[in-house]
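File shown: upload-v5.txt (compact mmCIF, C-alpha atoms and all ligand atoms).
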# COMPACT_ATOMS: atom_id res chain seq x y z
CA MET L 1 159.54 95.38 76.21
CA ALA L 2 160.31 96.01 72.56
CA ILE L 3 158.06 97.71 70.02
CA GLU L 4 156.47 95.00 67.87
CA ARG L 5 154.20 94.78 64.87
CA THR L 6 151.31 92.39 64.53
CA PHE L 7 148.71 91.61 61.90
CA SER L 8 144.99 92.11 62.58
CA MET L 9 141.78 91.56 60.61
CA ILE L 10 138.29 92.89 61.23
CA LYS L 11 136.26 89.98 59.87
CA PRO L 12 133.14 90.06 57.62
CA ASP L 13 130.64 89.62 60.48
CA ALA L 14 131.96 92.88 61.96
CA THR L 15 132.29 94.94 58.75
CA ARG L 16 128.71 93.87 57.88
CA ARG L 17 127.51 95.39 61.18
CA ASN L 18 129.49 98.61 60.55
CA LEU L 19 131.87 97.94 63.47
CA THR L 20 135.18 98.91 61.81
CA GLY L 21 135.45 102.15 63.78
CA ALA L 22 134.25 100.69 67.08
CA ILE L 23 136.75 97.82 66.91
CA THR L 24 139.63 100.03 65.76
CA ALA L 25 138.89 102.35 68.71
CA MET L 26 139.20 99.39 71.12
CA LEU L 27 142.59 98.51 69.58
CA GLU L 28 143.77 102.13 69.85
CA GLU L 29 142.52 102.44 73.43
CA ALA L 30 144.65 99.40 74.27
CA GLY L 31 147.72 101.36 73.10
CA LEU L 32 148.03 99.84 69.64
CA ARG L 33 148.71 102.11 66.65
CA VAL L 34 147.30 101.35 63.18
CA VAL L 35 150.32 101.67 60.84
CA ALA L 36 148.62 100.09 57.79
CA SER L 37 144.97 99.48 56.93
CA LYS L 38 142.90 98.53 53.90
CA ARG L 39 139.53 97.02 53.14
CA VAL L 40 139.63 93.86 51.02
CA TRP L 41 137.05 91.36 49.84
CA MET L 42 139.26 88.30 49.77
CA SER L 43 138.69 85.52 47.29
CA ARG L 44 138.15 81.95 48.43
CA ARG L 45 141.66 81.19 47.17
CA GLU L 46 143.19 84.06 49.18
CA ALA L 47 141.36 82.86 52.30
CA GLU L 48 142.63 79.30 51.77
CA GLY L 49 146.19 80.62 51.35
CA PHE L 50 145.99 82.79 54.45
CA TYR L 51 144.58 79.97 56.60
CA ALA L 52 146.68 77.15 55.04
CA VAL L 53 147.95 76.22 58.53
CA HIS L 54 144.38 75.14 59.39
CA LYS L 55 143.70 73.11 56.23
CA GLU L 56 143.37 69.79 58.07
CA ARG L 57 140.98 71.22 60.69
CA PRO L 58 137.28 70.28 60.43
CA PHE L 59 136.21 73.93 60.27
CA PHE L 60 138.55 74.88 57.39
CA ASP L 61 135.86 75.01 54.66
CA GLU L 62 133.43 76.93 56.86
CA LEU L 63 136.19 79.37 57.82
CA CYS L 64 137.27 80.07 54.21
CA GLU L 65 133.65 80.39 53.08
CA PHE L 66 132.96 82.91 55.84
CA MET L 67 136.16 84.92 55.30
CA SER L 68 135.34 85.32 51.59
CA SER L 69 131.67 86.18 52.23
CA GLY L 70 132.17 89.95 52.55
CA PRO L 71 134.69 92.72 53.18
CA THR L 72 137.48 92.41 55.74
CA VAL L 73 139.71 95.20 57.06
CA VAL L 74 143.34 94.05 57.19
CA GLN L 75 145.65 96.06 59.45
CA VAL L 76 149.15 96.21 60.84
CA LEU L 77 149.26 97.25 64.50
CA GLU L 78 152.34 98.58 66.25
CA GLY L 79 153.12 99.00 69.92
CA GLU L 80 154.86 97.64 72.98
CA ASN L 81 154.31 93.89 73.15
CA ALA L 82 151.80 94.29 70.30
CA ILE L 83 151.27 90.59 69.55
CA ALA L 84 150.24 89.64 73.09
CA LYS L 85 148.46 92.96 73.67
CA ASN L 86 146.29 92.45 70.59
CA ARG L 87 145.44 88.86 71.63
CA GLU L 88 144.47 90.20 75.05
CA VAL L 89 142.12 92.88 73.73
CA MET L 90 140.63 90.39 71.21
CA GLY L 91 139.68 87.85 73.91
CA ALA L 92 139.26 84.07 73.61
CA THR L 93 138.43 82.48 70.21
CA ASN L 94 134.96 81.51 71.44
CA PRO L 95 133.11 84.65 72.59
CA ALA L 96 131.39 82.57 75.28
CA ASP L 97 134.82 82.17 76.91
CA ALA L 98 136.08 85.71 76.27
CA ALA L 99 136.78 88.05 79.19
CA ASP L 100 134.54 91.05 79.82
CA GLY L 101 135.45 94.14 77.83
CA THR L 102 137.29 92.22 75.07
CA ILE L 103 136.38 92.73 71.41
CA ARG L 104 135.04 89.18 71.06
CA LYS L 105 133.00 89.40 74.26
CA VAL L 106 131.44 92.68 73.17
CA HIS L 107 130.99 92.07 69.44
CA ALA L 108 131.51 88.44 68.30
CA ARG L 109 128.57 86.25 67.34
CA SER L 110 130.06 82.73 67.56
CA ILE L 111 133.34 80.80 67.54
CA GLY L 112 133.38 81.06 63.73
CA GLU L 113 132.05 84.61 63.31
CA ASN L 114 134.32 86.04 65.95
CA SER L 115 134.89 89.54 64.53
CA VAL L 116 138.70 89.74 64.64
CA HIS L 117 141.91 87.89 63.89
CA GLY L 118 145.31 88.52 65.44
CA SER L 119 148.70 86.92 64.85
CA ASP L 120 149.81 84.51 67.58
CA ALA L 121 153.64 84.80 67.42
CA PRO L 122 156.44 86.91 65.88
CA ALA L 123 156.99 84.51 62.96
CA THR L 124 153.29 84.35 62.03
CA ALA L 125 152.96 88.13 62.43
CA ALA L 126 155.77 88.71 59.92
CA GLN L 127 154.35 86.14 57.50
CA GLU L 128 150.77 87.46 57.74
CA ILE L 129 151.82 91.12 57.30
CA LYS L 130 153.74 90.10 54.18
CA TYR L 131 150.72 88.19 52.83
CA TRP L 132 148.60 91.37 52.69
CA PHE L 133 150.97 94.35 52.59
CA SER L 134 154.05 95.50 50.69
CA ASP L 135 156.77 97.26 52.72
CA ILE L 136 155.79 100.74 51.50
CA GLU L 137 152.18 100.30 52.65
CA VAL L 138 153.28 100.06 56.29
CA VAL L 139 153.90 103.54 57.62
CA GLY L 140 154.98 103.67 61.25
P1 LIG Z 1 142.50 83.92 64.85
O1 LIG Z 1 143.55 83.02 64.25
O2 LIG Z 1 141.37 84.23 63.89
O3 LIG Z 1 143.06 85.14 65.48
P2 LIG Z 1 142.40 82.20 67.10
O4 LIG Z 1 143.89 82.16 67.01
O5 LIG Z 1 141.76 82.62 68.38
O6 LIG Z 1 141.78 83.16 66.01
P3 LIG Z 1 142.43 79.67 65.70
O7 LIG Z 1 142.44 78.41 66.49
O8 LIG Z 1 143.68 80.14 65.06
O9 LIG Z 1 141.80 80.81 66.64
O10 LIG Z 1 141.29 79.52 64.60
C1 LIG Z 1 141.26 80.39 63.50
C2 LIG Z 1 139.83 80.82 63.25
O11 LIG Z 1 139.08 79.69 62.84
C3 LIG Z 1 139.08 81.34 64.47
O12 LIG Z 1 139.29 82.69 64.73
C4 LIG Z 1 137.64 81.08 64.09
O13 LIG Z 1 137.14 82.10 63.22
C5 LIG Z 1 137.74 79.78 63.30
N1 LIG Z 1 137.45 78.64 64.17
C6 LIG Z 1 138.23 78.12 65.15
N2 LIG Z 1 137.65 77.07 65.75
C7 LIG Z 1 136.45 76.91 65.13
C8 LIG Z 1 135.37 76.00 65.28
N3 LIG Z 1 135.41 75.04 66.20
N4 LIG Z 1 134.29 76.15 64.46
C9 LIG Z 1 134.25 77.13 63.51
N5 LIG Z 1 135.25 78.01 63.32
C10 LIG Z 1 136.32 77.92 64.11
MG MG Z 2 144.95 81.78 65.19
Could you quickly redo this structure as structure tokens?
Amino acid sequence: MAIERTFSMIKPDATRRNLTGAITAMLEEAGLRVVASKRVWMSRREAEGFYAVHKERPFFDELCEFMSSGPTVVQVLEGENAIAKNREVMGATNPADAADGTIRKVHARSIGENSVHGSDAPATAAQEIKYWFSDIEVVG
């Protein structure tokens, strides 16, 4: 399996509860390496741009409101099969459905305030990394 990069966010519900380190440790324990990281308080407009793919979904406004409600930690993760590996350690979107030991099972509050984001495919990973980071900010 090839070394991949994926994009991850620690969402405002988690930064508010001081879980940046705890969540990053779970990612690292899963074999993922943080090759870029910064804390951002995204604007409503930046949230809408990032989640543009969801703009017709009924939860779009709630999602953008939440994502601009406090600081987020945006990261690039690197490792073998990193996209699928990250999705696995994150767990299901709704924490009620997430497997034991996953980040969302352990830390998420609800389907909306679900602590982390992770890219779902190579094309979205590349696009999402580019949205938040310049090439020289990613140091593998
Ligand atoms: P993410 O894209 O954040 O990694 P995901 O791929 O598991 O999560 P998506 O279907 O892409 O889930 O939804 C994007 C985000 O929108 C979810 O992580 C969640 O925060 C929010 N969301 C999804 N469904 C709902 C819902 N029914 N009500 C409120 N918020 C929702
Ligand atoms: Mg998604």
Would you give me, as JSON lines, each residue of chain L having an atom within 7 Å of an atom of ligand MG 2 (chain Z), along with its shortest atom pair and that distance in Å to one decimal, using only C-alpha atoms and all ligand atoms and sorting by chain and residue number?
{"residue": "L:His117", "atom": "CA", "partner": "Z:MG2", "partner_atom": "MG", "distance": 6.9}
{"residue": "L:Gly118", "atom": "CA", "partner": "Z:MG2", "partner_atom": "MG", "distance": 6.8}
{"residue": "L:Ser119", "atom": "CA", "partner": "Z:MG2", "partner_atom": "MG", "distance": 6.4}
{"residue": "L:Asp120", "atom": "CA", "partner": "Z:MG2", "partner_atom": "MG", "distance": 6.1}
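The shortest atom-to-atom distance to ligand LIG 1 (chain Z), with all atoms listed in the file taken into account, belongs to L:Ile111 out of L:Ala30, L:Met1, L:Ala126, L:Ile111.
With distances restricted to all atoms listed in the file, L:Met90 is the closest residue to Met26 in chain L from L:Ala98, L:Met42, L:Met90, L:Ala2.
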inquiry  = At a cut-off of 9 Å, using all atoms listed in the file, what residues contact range 68-84 of chain L? Leave out same-chain residues fewer than 3 positions from it and give the result as a PyMOL selection string.
reply    = chain L and resi 1-16+20+27+31-47+63-65+87-89+118-122+125+129+132-133+138+140
Can I get the selected residues back with C-alpha atoms, as a CSV table (one decimal), in the frame of the given file?
chain,number,residue,atom,x,y,z
L,1,MET,CA,159.5,95.4,76.2
L,2,ALA,CA,160.3,96.0,72.6
L,3,ILE,CA,158.1,97.7,70.0
L,4,GLU,CA,156.5,95.0,67.9
L,5,ARG,CA,154.2,94.8,64.9
L,6,THR,CA,151.3,92.4,64.5
L,7,PHE,CA,148.7,91.6,61.9
L,8,SER,CA,145.0,92.1,62.6
L,9,MET,CA,141.8,91.6,60.6
L,10,ILE,CA,138.3,92.9,61.2
L,11,LYS,CA,136.3,90.0,59.9
L,12,PRO,CA,133.1,90.1,57.6
L,13,ASP,CA,130.6,89.6,60.5
L,14,ALA,CA,132.0,92.9,62.0
L,15,THR,CA,132.3,94.9,58.8
L,16,ARG,CA,128.7,93.9,57.9
L,20,THR,CA,135.2,98.9,61.8
L,27,LEU,CA,142.6,98.5,69.6
L,31,GLY,CA,147.7,101.4,73.1
L,32,LEU,CA,148.0,99.8,69.6
L,33,ARG,CA,148.7,102.1,66.6
L,34,VAL,CA,147.3,101.4,63.2
L,35,VAL,CA,150.3,101.7,60.8
L,36,ALA,CA,148.6,100.1,57.8
L,37,SER,CA,145.0,99.5,56.9
L,38,LYS,CA,142.9,98.5,53.9
L,39,ARG,CA,139.5,97.0,53.1
L,40,VAL,CA,139.6,93.9,51.0
L,41,TRP,CA,137.0,91.4,49.8
L,42,MET,CA,139.3,88.3,49.8
L,43,SER,CA,138.7,85.5,47.3
L,44,ARG,CA,138.2,82.0,48.4
L,45,ARG,CA,141.7,81.2,47.2
L,46,GLU,CA,143.2,84.1,49.2
L,47,ALA,CA,141.4,82.9,52.3
L,63,LEU,CA,136.2,79.4,57.8
L,64,CYS,CA,137.3,80.1,54.2
L,65,GLU,CA,133.6,80.4,53.1
L,87,ARG,CA,145.4,88.9,71.6
L,88,GLU,CA,144.5,90.2,75.0
L,89,VAL,CA,142.1,92.9,73.7
L,118,GLY,CA,145.3,88.5,65.4
L,119,SER,CA,148.7,86.9,64.8
L,120,ASP,CA,149.8,84.5,67.6
L,121,ALA,CA,153.6,84.8,67.4
L,122,PRO,CA,156.4,86.9,65.9
L,125,ALA,CA,153.0,88.1,62.4
L,129,ILE,CA,151.8,91.1,57.3
L,132,TRP,CA,148.6,91.4,52.7
L,133,PHE,CA,151.0,94.4,52.6
L,138,VAL,CA,153.3,100.1,56.3
L,140,GLY,CA,155.0,103.7,61.2
task = Can you work out the spacing between CA of Pro95 in chain L and CA of Tyr51 in chain L in Å, to one decimal?
result = 20.2 Å
ask   = When distances are computed from all atoms listed in the file, which of L:Ala52, L:Ile23, L:Ala99, L:Val116 shows the smallest separation from ligand LIG 1 (chain Z)?
value = L:Val116
inquiry  = Counting only C-alpha atoms, which residues have an atom no more than 8 Å from (131.5, 83.1, 73.2) in the file's coordinates? Please list them as a ChimeraX atom specification.
reply    = /L:92-98,104-105,108-111
Given the selection you just returned, output its residues as a file containing C-alpha atoms, formatted as an mmCIF file, keeping the file's coordinate frame.
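And here's out-v3.cif as it stands now:
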data_model
loop_
_atom_site.group_PDB
_atom_site.id
_atom_site.type_symbol
_atom_site.label_atom_id
_atom_site.label_comp_id
_atom_site.auth_asym_id
_atom_site.auth_seq_id
_atom_site.Cartn_x
_atom_site.Cartn_y
_atom_site.Cartn_z
ATOM 1 C CA ALA L 92 139.260 84.070 73.610
ATOM 2 C CA THR L 93 138.430 82.480 70.210
ATOM 3 C CA ASN L 94 134.960 81.510 71.440
ATOM 4 C CA PRO L 95 133.110 84.650 72.590
ATOM 5 C CA ALA L 96 131.390 82.570 75.280
ATOM 6 C CA ASP L 97 134.820 82.170 76.910
ATOM 7 C CA ALA L 98 136.080 85.710 76.270
ATOM 8 C CA ARG L 104 135.040 89.180 71.060
ATOM 9 C CA LYS L 105 133.000 89.400 74.260
ATOM 10 C CA ALA L 108 131.510 88.440 68.300
ATOM 11 C CA ARG L 109 128.570 86.250 67.340
ATOM 12 C CA SER L 110 130.060 82.730 67.560
ATOM 13 C CA ILE L 111 133.340 80.800 67.540
#
inquiry  = Just checking: using all atoms listed in the file, which residue out of L:Gly112, L:Gly101, L:Asn18, L:His54 ends up closest to ligand LIG 1 (chain Z)?
reply    = L:Gly112
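Of the residues listed (L:Met67, L:Ala123, L:Ile136, L:Ile103), L:Met67 shows the shortest atom-to-atom separation from ligand LIG 1 (chain Z); distances use all atoms listed in the file.
Among the candidate residues L:Phe59, L:Ser134, L:His107, L:Thr124, the one lying nearest to ligand LIG 1 (chain Z) is L:Phe59, with distances computed using all atoms listed in the file.
In this structure, CA of Gln127 in chain L sits 14.1 Å away from atom P1 of ligand LIG 1 (chain Z).
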Will you model all heavy atoms for range 49-60 of chain L and pass it back as a short mmCIF file (atom, residue, chain, number, x, y, z; two decimals), keeping the file's coordinate frame?
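And here is the file that came out, out02.cif:
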data_model
loop_
_atom_site.label_atom_id
_atom_site.label_comp_id
_atom_site.auth_asym_id
_atom_site.auth_seq_id
_atom_site.Cartn_x
_atom_site.Cartn_y
_atom_site.Cartn_z
N GLY L 49 144.74 80.39 51.22
CA GLY L 49 146.19 80.62 51.35
C GLY L 49 146.53 81.19 52.71
O GLY L 49 147.47 80.75 53.38
N PHE L 50 145.72 82.15 53.17
CA PHE L 50 145.99 82.79 54.45
C PHE L 50 145.87 81.78 55.60
O PHE L 50 146.66 81.79 56.53
CB PHE L 50 145.03 83.96 54.68
CG PHE L 50 145.28 84.65 55.98
CD1 PHE L 50 146.37 85.51 56.10
CD2 PHE L 50 144.47 84.43 57.08
CE1 PHE L 50 146.64 86.14 57.32
CE2 PHE L 50 144.74 85.04 58.29
CZ PHE L 50 145.83 85.89 58.41
N TYR L 51 144.85 80.91 55.52
CA TYR L 51 144.58 79.97 56.60
C TYR L 51 145.14 78.57 56.33
O TYR L 51 144.69 77.60 56.94
CB TYR L 51 143.08 79.88 56.86
CG TYR L 51 142.54 81.04 57.69
CD1 TYR L 51 141.65 81.96 57.15
CD2 TYR L 51 142.90 81.21 59.03
CE1 TYR L 51 141.13 83.02 57.91
CE2 TYR L 51 142.41 82.26 59.79
CZ TYR L 51 141.53 83.15 59.23
OH TYR L 51 141.03 84.19 60.00
N ALA L 52 146.13 78.46 55.43
CA ALA L 52 146.68 77.15 55.04
C ALA L 52 147.08 76.30 56.25
O ALA L 52 146.93 75.07 56.23
CB ALA L 52 147.87 77.35 54.11
N VAL L 53 147.54 76.95 57.31
CA VAL L 53 147.95 76.22 58.53
C VAL L 53 146.80 75.41 59.13
O VAL L 53 147.01 74.42 59.82
CB VAL L 53 148.55 77.22 59.55
CG1 VAL L 53 147.51 78.22 60.02
CG2 VAL L 53 149.16 76.51 60.74
N HIS L 54 145.56 75.82 58.83
CA HIS L 54 144.38 75.14 59.39
C HIS L 54 143.74 74.16 58.41
O HIS L 54 142.64 73.69 58.64
CB HIS L 54 143.31 76.18 59.78
CG HIS L 54 143.69 77.04 60.94
ND1 HIS L 54 144.26 76.54 62.10
CD2 HIS L 54 143.58 78.38 61.14
CE1 HIS L 54 144.48 77.53 62.94
NE2 HIS L 54 144.09 78.66 62.39
N LYS L 55 144.43 73.83 57.29
CA LYS L 55 143.70 73.11 56.23
C LYS L 55 143.23 71.71 56.62
O LYS L 55 142.29 71.20 56.01
CB LYS L 55 144.44 73.13 54.90
CG LYS L 55 145.72 72.39 54.81
CD LYS L 55 146.19 72.43 53.35
CE LYS L 55 147.50 71.71 53.15
NZ LYS L 55 148.60 72.37 53.87
N GLU L 56 143.83 71.11 57.63
CA GLU L 56 143.37 69.79 58.07
C GLU L 56 142.27 69.88 59.15
O GLU L 56 141.74 68.86 59.58
CB GLU L 56 144.54 68.96 58.63
CG GLU L 56 145.72 68.78 57.67
CD GLU L 56 145.32 68.19 56.32
OE1 GLU L 56 144.32 67.43 56.27
OE2 GLU L 56 145.99 68.49 55.32
N ARG L 57 141.97 71.07 59.61
CA ARG L 57 140.98 71.22 60.69
C ARG L 57 139.56 71.07 60.13
O ARG L 57 139.30 71.43 58.98
CB ARG L 57 141.11 72.60 61.37
CG ARG L 57 142.51 72.97 61.82
CD ARG L 57 142.92 72.38 63.15
NE ARG L 57 142.27 73.04 64.27
CZ ARG L 57 142.72 74.13 64.87
NH1 ARG L 57 143.82 74.74 64.43
NH2 ARG L 57 142.09 74.63 65.91
N PRO L 58 138.64 70.53 60.93
CA PRO L 58 137.28 70.28 60.43
C PRO L 58 136.52 71.54 60.02
O PRO L 58 135.60 71.48 59.22
CB PRO L 58 136.58 69.58 61.61
CG PRO L 58 137.43 69.84 62.80
CD PRO L 58 138.83 70.06 62.31
N PHE L 59 136.94 72.70 60.56
CA PHE L 59 136.21 73.93 60.27
C PHE L 59 136.84 74.72 59.11
O PHE L 59 136.40 75.83 58.82
CB PHE L 59 136.14 74.82 61.52
CG PHE L 59 137.48 75.14 62.14
CD1 PHE L 59 138.29 76.15 61.63
CD2 PHE L 59 137.92 74.43 63.25
CE1 PHE L 59 139.51 76.45 62.18
CE2 PHE L 59 139.17 74.73 63.82
CZ PHE L 59 139.96 75.73 63.28
N PHE L 60 137.81 74.14 58.42
CA PHE L 60 138.55 74.88 57.39
C PHE L 60 137.63 75.42 56.29
O PHE L 60 137.72 76.60 55.91
CB PHE L 60 139.65 74.01 56.79
CG PHE L 60 140.48 74.69 55.74
CD1 PHE L 60 141.35 75.72 56.08
CD2 PHE L 60 140.40 74.31 54.41
CE1 PHE L 60 142.11 76.36 55.11
CE2 PHE L 60 141.16 74.95 53.44
CZ PHE L 60 142.03 75.97 53.79
#
